$ cat model18.tsv   # TSV, C-alpha atoms
chain	number	residue	atom	x	y	z
A	19	MET	CA	13.37	-55.16	29.06
A	20	SER	CA	10.53	-52.66	28.94
A	21	GLU	CA	7.79	-52.61	26.31
A	22	PHE	CA	9.40	-49.46	24.92
A	23	TYR	CA	12.78	-51.16	24.42
A	24	GLU	CA	11.12	-54.18	22.81
A	25	GLY	CA	9.31	-51.92	20.36
A	26	LEU	CA	12.35	-49.81	19.64
A	27	ALA	CA	14.46	-52.91	18.95
A	28	GLU	CA	11.87	-54.02	16.42
A	29	ILE	CA	11.91	-50.60	14.73
A	30	MET	CA	15.72	-50.44	14.63
A	31	GLU	CA	15.93	-54.11	13.59
A	32	VAL	CA	18.40	-55.03	16.33
A	33	ASP	CA	18.23	-57.45	19.26
A	34	VAL	CA	16.75	-55.83	22.35
A	35	SER	CA	19.91	-56.77	24.31
A	36	GLU	CA	21.89	-54.36	22.12
A	37	LEU	CA	19.85	-51.38	23.27
A	38	SER	CA	20.97	-49.20	26.19
A	39	THR	CA	20.65	-45.50	26.95
A	40	ASP	CA	23.96	-44.92	25.13
A	41	TYR	CA	22.93	-46.80	21.98
A	42	GLU	CA	23.48	-44.56	18.95
A	43	PHE	CA	21.09	-44.89	16.00
A	44	GLY	CA	23.33	-43.39	13.34
A	45	GLU	CA	22.07	-43.64	9.77
A	46	ALA	CA	19.30	-46.05	10.72
A	47	TRP	CA	17.36	-43.19	12.39
A	48	ASP	CA	15.49	-42.39	9.16
A	49	SER	CA	12.03	-40.96	8.59
A	50	LEU	CA	10.34	-44.36	8.80
A	51	ALA	CA	12.04	-45.08	12.14
A	52	VAL	CA	10.81	-41.72	13.45
A	53	VAL	CA	7.25	-42.38	12.25
A	54	SER	CA	7.24	-45.80	13.90
A	55	THR	CA	8.67	-44.39	17.13
A	56	ILE	CA	5.92	-41.73	17.32
A	57	ALA	CA	3.39	-44.57	17.26
A	58	LEU	CA	5.39	-46.58	19.81
A	59	ILE	CA	5.63	-43.68	22.28
A	60	ASP	CA	1.92	-42.99	21.85
A	61	GLU	CA	1.13	-46.65	22.51
A	62	VAL	CA	3.41	-47.21	25.50
A	63	TYR	CA	3.31	-43.79	27.21
A	64	ASP	CA	0.17	-42.19	25.70
A	65	LYS	CA	2.26	-39.12	24.90
A	66	ALA	CA	2.69	-37.00	21.76
A	67	VAL	CA	6.32	-35.89	21.63
A	68	ASP	CA	7.59	-32.94	19.59
A	69	ILE	CA	8.42	-34.34	16.15
A	70	GLN	CA	11.40	-32.06	15.46
A	71	LEU	CA	12.96	-32.89	18.83
A	72	LEU	CA	12.38	-36.60	18.20
A	73	GLN	CA	14.04	-36.36	14.79
A	74	ASP	CA	17.03	-34.71	16.45
A	75	CYS	CA	17.52	-37.58	18.92
A	76	LYS	CA	20.81	-39.46	18.48
A	77	THR	CA	20.58	-42.11	21.21
A	78	VAL	CA	17.99	-44.15	23.11
A	79	GLY	CA	18.71	-41.92	26.12
A	80	ASP	CA	17.84	-38.82	24.10
A	81	ILE	CA	14.41	-40.30	23.37
A	82	GLU	CA	13.90	-41.30	27.01
A	83	ASN	CA	14.72	-37.73	28.08
A	84	LEU	CA	12.31	-36.33	25.54
A	85	ILE	CA	9.53	-38.65	26.75
A	86	SER	CA	10.07	-37.73	30.40
A	87	LYS	CA	10.02	-34.00	29.53
A	88	THR	CA	6.77	-34.37	27.57
A	89	ASP	CA	3.45	-33.94	29.36
A	90	GLY	CA	1.06	-36.87	29.03
B	2	MET	CA	-33.09	-37.73	17.75
B	3	MET	CA	-31.62	-37.76	14.27
B	4	GLN	CA	-32.52	-34.71	12.26
B	5	SER	CA	-33.55	-34.74	8.61
B	6	ASN	CA	-29.96	-34.39	7.36
B	7	THR	CA	-29.36	-38.07	8.07
B	8	VAL	CA	-32.68	-39.44	6.95
B	9	GLY	CA	-33.54	-41.40	3.88
B	10	ALA	CA	-30.29	-42.16	2.08
B	11	ARG	CA	-28.50	-45.45	1.67
B	12	ILE	CA	-25.64	-46.95	-0.31
B	13	GLU	CA	-27.19	-49.07	-3.06
B	14	ALA	CA	-24.11	-50.39	-4.88
B	15	ILE	CA	-20.41	-49.70	-5.41
B	16	GLY	CA	-18.30	-50.16	-8.55
B	17	LEU	CA	-14.51	-50.04	-8.56
B	18	TYR	CA	-11.78	-49.64	-11.12
B	19	PHE	CA	-8.02	-50.09	-11.00
B	20	PRO	CA	-5.64	-49.38	-13.88
B	21	ASP	CA	-3.85	-52.34	-15.50
B	22	ALA	CA	-0.19	-51.64	-14.70
B	23	SER	CA	1.12	-53.12	-11.47
B	24	LEU	CA	4.05	-51.83	-9.44
B	25	ASP	CA	5.11	-54.68	-7.14
B	26	ASN	CA	7.73	-54.70	-4.40
B	27	LYS	CA	10.27	-56.56	-6.55
B	28	LYS	CA	10.16	-53.84	-9.17
B	29	LEU	CA	10.28	-51.13	-6.47
B	30	ALA	CA	13.25	-52.77	-4.76
B	31	GLU	CA	15.13	-52.88	-8.06
B	32	GLU	CA	14.48	-49.20	-8.67
B	33	LEU	CA	14.93	-47.85	-5.15
B	34	GLY	CA	17.97	-49.95	-4.34
B	35	ASP	CA	18.29	-50.06	-0.57
B	36	TRP	CA	15.05	-51.82	0.42
B	37	ALA	CA	14.39	-55.52	-0.14
B	38	PRO	CA	10.89	-56.51	-1.39
B	39	GLU	CA	10.23	-58.29	1.94
B	40	LYS	CA	11.09	-55.16	3.89
B	41	ILE	CA	8.71	-53.02	1.81
B	42	LEU	CA	5.91	-55.52	2.48
B	43	GLU	CA	6.72	-55.69	6.19
B	44	LYS	CA	6.78	-51.91	6.62
B	45	THR	CA	3.81	-50.97	4.45
B	46	GLY	CA	1.67	-54.13	4.25
B	47	ILE	CA	1.46	-53.49	0.50
B	48	ARG	CA	2.44	-56.05	-2.16
B	49	GLU	CA	1.54	-54.10	-5.26
B	50	ARG	CA	0.05	-50.80	-6.38
B	51	ARG	CA	-1.87	-50.20	-9.59
B	52	ILE	CA	-0.58	-47.31	-11.67
B	53	ALA	CA	-2.48	-45.28	-14.29
B	54	ALA	CA	-0.98	-45.39	-17.78
B	55	GLU	CA	0.59	-42.34	-19.34
B	56	GLY	CA	-2.25	-40.21	-20.64
B	57	GLN	CA	-4.80	-42.03	-18.46
B	58	THR	CA	-6.28	-39.51	-16.04
B	59	ALA	CA	-8.32	-39.72	-12.85
B	60	LEU	CA	-11.35	-38.86	-14.96
B	61	ASP	CA	-10.69	-41.93	-17.14
B	62	LEU	CA	-10.47	-44.14	-14.04
B	63	ALA	CA	-13.66	-42.51	-12.71
B	64	GLU	CA	-15.51	-43.30	-15.94
B	65	HIS	CA	-14.46	-46.96	-15.78
B	66	ALA	CA	-15.59	-47.23	-12.14
B	67	CYS	CA	-18.94	-45.66	-13.07
B	68	ARG	CA	-19.42	-48.11	-15.96
B	69	ASN	CA	-18.67	-51.01	-13.61
B	70	LEU	CA	-21.34	-49.62	-11.27
B	71	LEU	CA	-23.86	-49.12	-14.09
B	72	ASP	CA	-23.37	-52.77	-15.15
B	73	LYS	CA	-24.72	-53.93	-11.80
B	74	PRO	CA	-28.32	-55.15	-11.58
B	75	GLY	CA	-30.81	-52.51	-10.50
B	76	VAL	CA	-28.55	-49.58	-11.38
B	77	SER	CA	-29.91	-47.33	-14.11
B	78	ALA	CA	-28.06	-44.39	-15.70
B	79	GLU	CA	-31.43	-42.73	-16.42
B	80	GLU	CA	-32.26	-42.51	-12.71
B	81	ILE	CA	-29.07	-40.73	-11.66
B	82	ASP	CA	-29.80	-37.08	-10.91
B	83	PHE	CA	-26.57	-35.84	-9.33
B	84	ILE	CA	-22.82	-36.44	-9.69
B	85	ILE	CA	-20.28	-35.68	-6.99
B	86	LEU	CA	-16.71	-36.36	-8.10
B	87	CYS	CA	-13.97	-36.28	-5.48
B	88	THR	CA	-10.53	-35.89	-7.05
B	89	GLN	CA	-7.30	-33.96	-6.60
B	90	ALA	CA	-6.17	-34.62	-10.17
B	91	PRO	CA	-8.78	-32.88	-12.36
B	92	ASP	CA	-8.30	-33.00	-16.16
B	93	TYR	CA	-8.34	-29.20	-16.33
B	94	ILE	CA	-8.11	-26.21	-14.02
B	95	LEU	CA	-11.53	-25.57	-15.52
B	96	PRO	CA	-14.08	-26.87	-16.46
B	97	THR	CA	-15.09	-29.18	-13.61
B	98	SER	CA	-14.35	-32.86	-14.20
B	99	ALA	CA	-17.81	-33.94	-12.95
B	100	CYS	CA	-19.39	-32.02	-15.86
B	101	ILE	CA	-17.22	-33.88	-18.35
B	102	LEU	CA	-18.13	-37.15	-16.61
B	103	GLN	CA	-21.85	-36.42	-17.07
B	104	HIS	CA	-21.33	-36.29	-20.83
B	105	ALA	CA	-18.92	-39.23	-20.98
B	106	LEU	CA	-21.48	-41.45	-19.23
B	107	GLY	CA	-24.35	-40.14	-21.34
B	108	LEU	CA	-26.32	-39.07	-18.30
B	109	ARG	CA	-29.24	-36.66	-18.53
B	110	THR	CA	-28.45	-32.94	-18.80
B	111	SER	CA	-31.15	-32.18	-16.20
B	112	ILE	CA	-28.87	-33.24	-13.34
B	113	GLY	CA	-26.41	-31.52	-11.02
B	114	ALA	CA	-22.66	-32.18	-11.03
B	115	PHE	CA	-19.63	-30.81	-9.20
B	116	ASP	CA	-16.20	-31.79	-7.94
B	117	ILE	CA	-14.94	-31.78	-4.41
B	118	ASN	CA	-11.20	-31.42	-3.88
B	119	LEU	CA	-10.39	-33.62	-0.91
B	120	GLY	CA	-8.11	-36.60	-0.44
B	121	CYS	CA	-8.32	-39.37	2.12
B	122	SER	CA	-11.30	-37.81	3.92
B	123	GLY	CA	-13.20	-37.21	0.66
B	124	PHE	CA	-15.48	-40.25	0.53
B	125	VAL	CA	-17.01	-39.53	3.94
B	126	TYR	CA	-17.48	-35.84	3.03
B	127	GLY	CA	-19.06	-36.94	-0.26
B	128	LEU	CA	-21.46	-39.25	1.60
B	129	SER	CA	-22.55	-36.35	3.80
B	130	ILE	CA	-23.27	-34.14	0.77
B	131	ALA	CA	-25.06	-36.97	-1.07
B	132	SER	CA	-27.27	-37.81	1.89
B	133	GLY	CA	-27.94	-34.09	2.41
B	134	LEU	CA	-29.05	-33.67	-1.20
B	135	ILE	CA	-31.36	-36.65	-0.81
B	136	ALA	CA	-32.73	-35.61	2.58
B	137	SER	CA	-33.52	-32.13	1.26
B	138	GLY	CA	-35.37	-33.58	-1.72
B	139	SER	CA	-32.87	-32.07	-4.18
B	140	ALA	CA	-31.84	-35.46	-5.56
B	141	GLN	CA	-33.04	-39.07	-5.53
B	142	GLN	CA	-30.01	-40.95	-6.84
B	143	VAL	CA	-26.54	-39.52	-6.36
B	144	LEU	CA	-23.48	-40.90	-8.13
B	145	LEU	CA	-20.61	-40.40	-5.67
B	146	VAL	CA	-17.28	-40.94	-7.44
B	147	THR	CA	-13.76	-40.93	-6.00
B	148	SER	CA	-10.72	-41.08	-8.25
B	149	ASP	CA	-7.09	-40.14	-7.99
B	150	THR	CA	-3.76	-40.69	-9.69
B	151	TYR	CA	-1.18	-39.66	-7.08
B	152	SER	CA	1.40	-41.70	-9.02
B	153	LYS	CA	1.61	-38.82	-11.49
B	154	PHE	CA	2.71	-36.45	-8.70
B	155	ILE	CA	5.22	-38.86	-7.16
B	156	ASN	CA	8.95	-38.67	-7.87
B	157	LYS	CA	10.20	-42.15	-8.86
B	158	LYS	CA	13.09	-41.76	-6.40
B	159	ASP	CA	10.91	-40.89	-3.38
B	160	ARG	CA	10.34	-44.11	-1.48
B	161	SER	CA	8.47	-42.31	1.35
B	162	VAL	CA	5.41	-42.04	-0.92
B	163	ARG	CA	6.13	-44.30	-3.89
B	164	THR	CA	5.90	-47.42	-1.69
B	165	LEU	CA	2.46	-46.38	-0.37
B	166	PHE	CA	0.23	-44.80	-3.01
B	167	GLY	CA	-1.64	-46.50	-5.83
B	168	ASP	CA	-4.16	-45.21	-8.36
B	169	GLY	CA	-7.81	-46.23	-8.40
B	170	ALA	CA	-11.42	-45.12	-8.51
B	171	SER	CA	-14.77	-45.94	-6.94
B	172	ALA	CA	-18.34	-45.12	-7.92
B	173	SER	CA	-21.10	-45.44	-5.33
B	174	LEU	CA	-24.80	-45.06	-5.95
B	175	ILE	CA	-26.49	-43.31	-3.03
B	176	VAL	CA	-30.27	-43.56	-3.26
B	177	SER	CA	-33.24	-42.32	-1.30
B	178	SER	CA	-34.51	-45.03	0.99
B	179	PRO	CA	-38.19	-45.90	0.48
B	180	ASN	CA	-38.86	-46.45	4.19
B	181	LEU	CA	-36.98	-43.26	5.11
B	182	GLN	CA	-34.86	-44.96	7.74
B	183	SER	CA	-31.56	-43.25	8.23
B	184	THR	CA	-28.75	-45.55	7.16
B	185	ILE	CA	-26.09	-42.90	6.48
B	186	GLY	CA	-24.99	-40.67	9.34
B	187	PRO	CA	-24.54	-39.01	11.71
B	188	PHE	CA	-21.33	-37.29	10.68
B	189	VAL	CA	-18.54	-35.43	12.43
B	190	PHE	CA	-15.96	-33.31	10.62
B	191	GLY	CA	-12.53	-31.86	11.30
B	192	THR	CA	-10.18	-29.44	9.53
B	193	ASP	CA	-6.75	-28.08	10.42
B	194	GLY	CA	-5.21	-26.00	7.64
B	195	ALA	CA	-2.15	-25.40	9.83
B	196	GLY	CA	-1.06	-28.84	8.65
B	197	ALA	CA	-1.51	-28.08	4.93
B	198	LYS	CA	2.27	-28.21	4.43
B	199	HIS	CA	2.55	-31.78	5.73
B	200	LEU	CA	0.95	-33.40	2.67
B	201	ILE	CA	1.22	-31.23	-0.40
B	202	VAL	CA	2.17	-30.82	-4.04
B	203	PRO	CA	3.80	-27.39	-3.55
B	204	ALA	CA	3.85	-26.20	-7.18
B	205	GLY	CA	1.33	-26.16	-10.02
B	206	GLY	CA	-1.50	-24.15	-8.52
B	207	ALA	CA	-2.06	-20.40	-8.57
B	208	ARG	CA	0.19	-19.72	-5.57
B	209	ASN	CA	3.29	-21.32	-7.01
B	210	ALA	CA	3.06	-22.03	-10.74
B	211	ASN	CA	5.22	-24.72	-12.39
B	212	SER	CA	8.53	-23.32	-13.60
B	213	GLU	CA	12.13	-24.28	-14.29
B	214	GLU	CA	12.76	-23.61	-10.60
B	215	THR	CA	9.96	-25.82	-9.27
B	216	ARG	CA	11.25	-28.69	-11.43
B	217	ILE	CA	14.62	-28.76	-9.66
B	218	GLU	CA	15.05	-32.04	-7.76
B	219	GLN	CA	16.45	-32.09	-4.24
B	220	VAL	CA	17.55	-34.91	-1.94
B	221	ASP	CA	16.16	-34.90	1.60
B	222	GLY	CA	17.78	-36.19	4.82
B	223	SER	CA	16.49	-39.72	4.23
B	224	GLY	CA	17.84	-39.90	0.67
B	225	ASN	CA	14.50	-39.32	-1.04
B	226	VAL	CA	14.42	-37.18	-4.17
B	227	ARG	CA	11.64	-34.76	-5.12
B	228	SER	CA	10.95	-31.36	-6.67
B	229	GLN	CA	8.25	-28.82	-5.83
B	230	ASP	CA	6.16	-30.32	-8.63
B	231	ASN	CA	6.08	-33.61	-6.71
B	232	LEU	CA	4.02	-34.93	-3.83
B	233	PHE	CA	5.60	-34.34	-0.43
B	234	MET	CA	4.49	-36.12	2.74
B	235	ASP	CA	5.87	-35.49	6.22
B	236	GLY	CA	5.13	-38.99	7.47
B	237	ALA	CA	5.95	-38.17	11.09
B	238	ALA	CA	3.58	-35.19	11.18
B	239	ILE	CA	0.82	-37.21	9.51
B	240	MET	CA	1.27	-40.06	11.99
B	241	ALA	CA	1.12	-37.62	14.93
B	242	PHE	CA	-1.99	-35.95	13.50
B	243	THR	CA	-3.69	-39.30	12.89
B	244	LEU	CA	-3.02	-40.62	16.39
B	245	ALA	CA	-4.29	-37.36	17.90
B	246	GLU	CA	-7.44	-36.78	15.83
B	247	VAL	CA	-8.79	-40.13	14.60
B	248	PRO	CA	-9.60	-41.59	18.05
B	249	LYS	CA	-11.35	-38.31	18.98
B	250	ALA	CA	-13.40	-38.27	15.77
B	251	PHE	CA	-14.38	-41.91	16.32
B	252	SER	CA	-15.53	-41.24	19.90
B	253	ALA	CA	-17.38	-38.10	18.77
B	254	VAL	CA	-19.35	-39.91	16.07
B	255	LEU	CA	-20.26	-42.74	18.45
B	256	LEU	CA	-21.48	-40.17	20.98
B	257	LYS	CA	-23.49	-38.32	18.33
B	258	ALA	CA	-25.07	-41.61	17.21
B	259	GLY	CA	-25.77	-42.70	20.78
B	260	LEU	CA	-23.73	-45.85	20.26
B	261	VAL	CA	-20.89	-47.61	22.04
B	262	ILE	CA	-18.08	-49.52	20.35
B	263	ASP	CA	-19.81	-52.88	20.93
B	264	ASP	CA	-22.72	-51.65	18.76
B	265	ILE	CA	-20.34	-51.28	15.80
B	266	ASP	CA	-19.78	-54.32	13.59
B	267	TYR	CA	-16.87	-52.93	11.57
B	268	VAL	CA	-14.59	-49.93	11.74
B	269	VAL	CA	-13.36	-48.92	8.28
B	270	PHE	CA	-10.48	-46.47	8.42
B	271	HIS	CA	-8.88	-44.77	5.47
B	272	GLN	CA	-6.45	-47.49	4.31
B	273	ALA	CA	-3.24	-45.52	4.70
B	274	ASN	CA	-0.74	-48.35	5.25
B	275	ALA	CA	-0.13	-51.25	7.64
B	276	PHE	CA	1.85	-49.43	10.31
B	277	MET	CA	-0.60	-46.55	10.62
B	278	LEU	CA	-3.63	-48.88	10.79
B	279	SER	CA	-1.88	-51.10	13.30
B	280	ALA	CA	-0.99	-48.06	15.47
B	281	LEU	CA	-4.64	-46.93	15.39
B	282	ARG	CA	-5.93	-50.41	16.15
B	283	LYS	CA	-3.67	-50.75	19.20
B	284	LYS	CA	-4.41	-47.25	20.49
B	285	MET	CA	-8.17	-47.57	20.03
B	286	LYS	CA	-8.27	-51.22	21.17
B	287	ILE	CA	-10.34	-52.38	18.20
B	288	PRO	CA	-10.46	-56.17	17.72
B	289	GLU	CA	-8.70	-57.22	14.51
B	290	GLU	CA	-11.81	-58.98	13.17
B	291	LYS	CA	-13.77	-55.72	13.40
B	292	MET	CA	-11.24	-53.86	11.28
B	293	PRO	CA	-11.40	-55.10	7.68
B	294	CYS	CA	-8.46	-54.03	5.52
B	295	ARG	CA	-8.00	-54.00	1.75
B	296	PHE	CA	-4.85	-52.34	0.52
B	297	GLU	CA	-2.38	-55.21	0.09
B	298	ASN	CA	-2.85	-55.44	-3.68
B	299	VAL	CA	-3.79	-51.83	-4.52
B	300	GLY	CA	-1.92	-49.62	-2.05
B	301	ASN	CA	-3.23	-46.38	-0.58
B	302	THR	CA	-5.71	-45.11	-3.18
B	303	VAL	CA	-6.51	-41.87	-1.30
B	304	SER	CA	-10.29	-41.10	-1.39
B	305	SER	CA	-11.13	-44.56	-2.79
B	306	THR	CA	-9.77	-46.65	0.08
B	307	ILE	CA	-12.94	-46.62	2.20
B	308	PRO	CA	-15.42	-47.55	-0.60
B	309	ILE	CA	-12.97	-50.28	-1.70
B	310	VAL	CA	-13.34	-51.92	1.73
B	311	ILE	CA	-17.13	-51.43	1.82
B	312	GLU	CA	-17.46	-52.93	-1.66
B	313	GLU	CA	-15.72	-56.11	-0.51
B	314	LEU	CA	-17.85	-56.32	2.65
B	315	MET	CA	-20.99	-55.99	0.51
B	316	ALA	CA	-19.80	-58.44	-2.18
B	317	SER	CA	-18.78	-61.10	0.36
B	318	GLY	CA	-22.03	-60.80	2.30
B	319	LYS	CA	-20.18	-59.75	5.46
B	320	PHE	CA	-22.15	-56.48	5.61
B	321	GLN	CA	-25.75	-57.38	6.40
B	322	PRO	CA	-28.84	-55.24	6.98
B	323	GLY	CA	-28.92	-54.03	10.57
B	324	GLN	CA	-25.15	-54.08	10.92
B	325	LYS	CA	-23.34	-50.83	11.57
B	326	ILE	CA	-20.05	-49.63	10.15
B	327	ALA	CA	-18.06	-46.66	11.41
B	328	LEU	CA	-16.10	-44.90	8.67
B	329	VAL	CA	-13.16	-42.60	9.44
B	330	GLY	CA	-11.35	-40.72	6.66
B	331	PHE	CA	-8.30	-38.58	7.43
B	332	GLY	CA	-5.38	-37.00	5.65
B	333	VAL	CA	-4.43	-34.21	3.26
B	334	GLY	CA	-5.82	-30.81	4.28
B	335	LEU	CA	-5.48	-31.66	7.02
B	336	SER	CA	-9.03	-32.90	6.85
B	337	TRP	CA	-10.94	-35.65	8.60
B	338	SER	CA	-14.46	-36.97	8.97
B	339	ALA	CA	-16.29	-39.89	10.52
B	340	CYS	CA	-19.77	-41.33	10.09
B	341	ILE	CA	-21.91	-44.37	10.79
B	342	ILE	CA	-23.54	-46.33	7.96
B	343	SER	CA	-25.73	-49.39	7.69
B	344	LEU	CA	-27.47	-51.05	4.75

$ encode --input "model18.tsv" --output "structure tokens"
Amino acid sequence: MSEFYEGLAEIMEVDVSELSTDYEFGEAWDSLAVVSTIALIDEVYDKAVDIQLLQDCKTVGDIENLISKTDG
Amino acid sequence: MMQSNTVGARIEAIGLYFPDASLDNKKLAEELGDWAPEKILEKTGIRERRIAAEGQTALDLAEHACRNLLDKPGVSAEEIDFIILCTQAPDYILPTSACILQHALGLRTSIGAFDINLGCSGFVYGLSIASGLIASGSAQQVLLVTSDTYSKFINKKDRSVRTLFGDGASASLIVSSPNLQSTIGPFVFGTDGAGAKHLIVPAGGARNANSEETRIEQVDGSGNVRSQDNLFMDGAAIMAFTLAEVPKAFSAVLLKAGLVIDDIDYVVFHQANAFMLSALRKKMKIPEEKMPCRFENVGNTVSSTIPIVIEELMASGKFQPGQKIALVGFGVGLSWSACIISL
């Protein structure tokens, strides 16, 4: 899978094979996960996403949409 | 070429002090419940933090650090002619803690002393003031002290900050250099007060005095508990700020110094925590061996983190004359600063 999925799996502490666009974070999407994901998106895509919108993401697909809508 | 504001000052010696009590991950895990000690270490890179005793203030820690500095060979209390104390936990609203420190250390009364209220950027700001005082001929030997006790602001049930911050102090002697070679500077600075709310103790100052109301504890979305009297950190906003501003400040100071990254022997960042330093290292492509770290056994000690790393580099002989270190402090304010030093 992509570098982004590998990183996200590490942050969410799941196997990368479990992640898909529909994967729901649930309770595990806490402040530390958000902080780590900001760094991951910066590293992989060189983009600074809106923090509030990132916090509101529920699924992997939500994050992917947010990244694609964000200017690099 | 370098102007006179960077000429003639150098770091002579550094003394440190950490309070006795240790808060390790086992104890934290027992108190916080949902995180295992291994997970705290993995996420923060911190094994233990040192915590000031009840009734032990930042000024007490500062005095200990200064005494440890004064015990070093070649350091003389008589020669010190200026004190700069960086703290965000002064003993009193007034008078200034640095004035009390002058008396506690038995220093001459014919010297200057003042506090600066900055956090993680404070040591670099302090260096710039110290070297400016020396370059202008106003002082010959400046005692630059950093000391904070964030533990006293932290709610015991707020893992977002309790896992990270530790108490500690540093005392650096900045002296005029006999050969007048510039070994401190140049500097670059940054400030963005729009981010003041991201790292703040909301109550207790003139704007929002402590009251029954500010003492009320609330639970946030991640299950952390705090009141307005406690330290609040929006970790996501601080991470975003750091990733945006620190690389720019680093490039700006290299440009100002006429250096490239290969000319730099070490890059010493404010020691925030493992994941922030690792994010910066990856983004800025700094080799691991060029990025010394020292927070595993003391935590994030705010304005003392940078001198704590420099002290170890000096003590272990890894920092040699001719070598160059880039320092970057960043955090509460929001405030940031970078500079180049050598011995």

$ closest_residue --input "model18.tsv" --among "A:Val34, A:Ala46, A:Ile85, A:Val78" --to "Asp60 of chain A" --atoms "all atoms listed in the file"
A:Ile85

$ closest_residue --input "model18.tsv" --among "A:Gly79, A:Leu37, A:Thr88, A:Ala27" --to "Thr55 of chain A" --atoms "all atoms listed in the file"
A:Ala27

$ interface_residues --input "model18.tsv" --of "chain B" --to "chain A" --cutoff "9 Å" --atoms "all atoms listed in the file" --output "NGL selection string"
:B and (44 or 161 or 222-223 or 235-241 or 244-245 or 276-277 or 280-281 or 283-284)

$ atom_distance --input "model18.tsv" --atom1 "atom CA of Ile101 of chain B" --atom2 "atom CA of Ser338 of chain B"
27.6 Å

$ residues_around --input "model18.tsv" --residues "Val202 of chain B" --least-positions-apart "4" --cutoff "9 Å" --atoms "all atoms listed in the file" --output "PyMOL selection string"
chain B and resi 154+198+206+229-234

$ atom_distance --input "model18.tsv" --atom1 "atom CA of Gly191 of chain B" --atom2 "atom CA of Val143 of chain B"
23.8 Å

$ residues_around --input "model18.tsv" --residues "segment 55-67 of chain B" --least-positions-apart "5" --cutoff "7 Å" --atoms "all atoms listed in the file" --output "PyMOL selection string"
chain B and resi 16-18+90-92+98+102+146-150+169-172

$ axis_aligned_box --input "model18.tsv" --around "segment 271-286 of chain B" --padding-each-side "4 Å" --output "lines of an AutoDock Vina configuration file"
center_x = -3.5
center_y = -48.0
center_z = 12.7
size_x = 18.7
size_y = 14.5
size_z = 24.9

$ residues_around --input "model18.tsv" --residues "segment 117-129 of chain B" --least-positions-apart "2" --cutoff "7 Å" --atoms "only C-alpha atoms" --output "list in words"
Ile85, Leu86, Cys87, Thr88, Gln89, Phe115, Ala131, Ser132, Gly133, Leu145, Thr147, His271, Val303, Ser304, Ser305, Gly330, Phe331, Gly332, Val333, Ser336, Trp337, Ser338, Ala339 and Cys340 of chain B

$ write_last_selection --input "model18.tsv" --atoms "C-alpha atoms" --output "compact mmCIF listing (two decimals), keeping the file's coordinate frame"
# COMPACT_ATOMS: atom_id res chain seq x y z
CA ILE B 85 -20.28 -35.68 -6.99
CA LEU B 86 -16.71 -36.36 -8.10
CA CYS B 87 -13.97 -36.28 -5.48
CA THR B 88 -10.53 -35.89 -7.05
CA GLN B 89 -7.30 -33.96 -6.60
CA PHE B 115 -19.63 -30.81 -9.20
CA ALA B 131 -25.06 -36.97 -1.07
CA SER B 132 -27.27 -37.81 1.89
CA GLY B 133 -27.94 -34.09 2.41
CA LEU B 145 -20.61 -40.40 -5.67
CA THR B 147 -13.76 -40.93 -6.00
CA HIS B 271 -8.88 -44.77 5.47
CA VAL B 303 -6.51 -41.87 -1.30
CA SER B 304 -10.29 -41.10 -1.39
CA SER B 305 -11.13 -44.56 -2.79
CA GLY B 330 -11.35 -40.72 6.66
CA PHE B 331 -8.30 -38.58 7.43
CA GLY B 332 -5.38 -37.00 5.65
CA VAL B 333 -4.43 -34.21 3.26
CA SER B 336 -9.03 -32.90 6.85
CA TRP B 337 -10.94 -35.65 8.60
CA SER B 338 -14.46 -36.97 8.97
CA ALA B 339 -16.29 -39.89 10.52
CA CYS B 340 -19.77 -41.33 10.09

$ atom_distance --input "model18.tsv" --atom1 "atom CA of Glu289 of chain B" --atom2 "atom CA of Phe19 of chain B"
26.5 Å

$ residues_around --input "model18.tsv" --residues "Ile81 of chain B" --least-positions-apart "5" --cutoff "12 Å" --atoms "all atoms listed in the file" --output "count of residues only"
28

$ residues_around --input "model18.tsv" --residues "Thr39 of chain A" --least-positions-apart "4" --cutoff "12 Å" --atoms "all atoms listed in the file" --output "ChimeraX atom specification"
/A:23,26,34-35,43,75-83
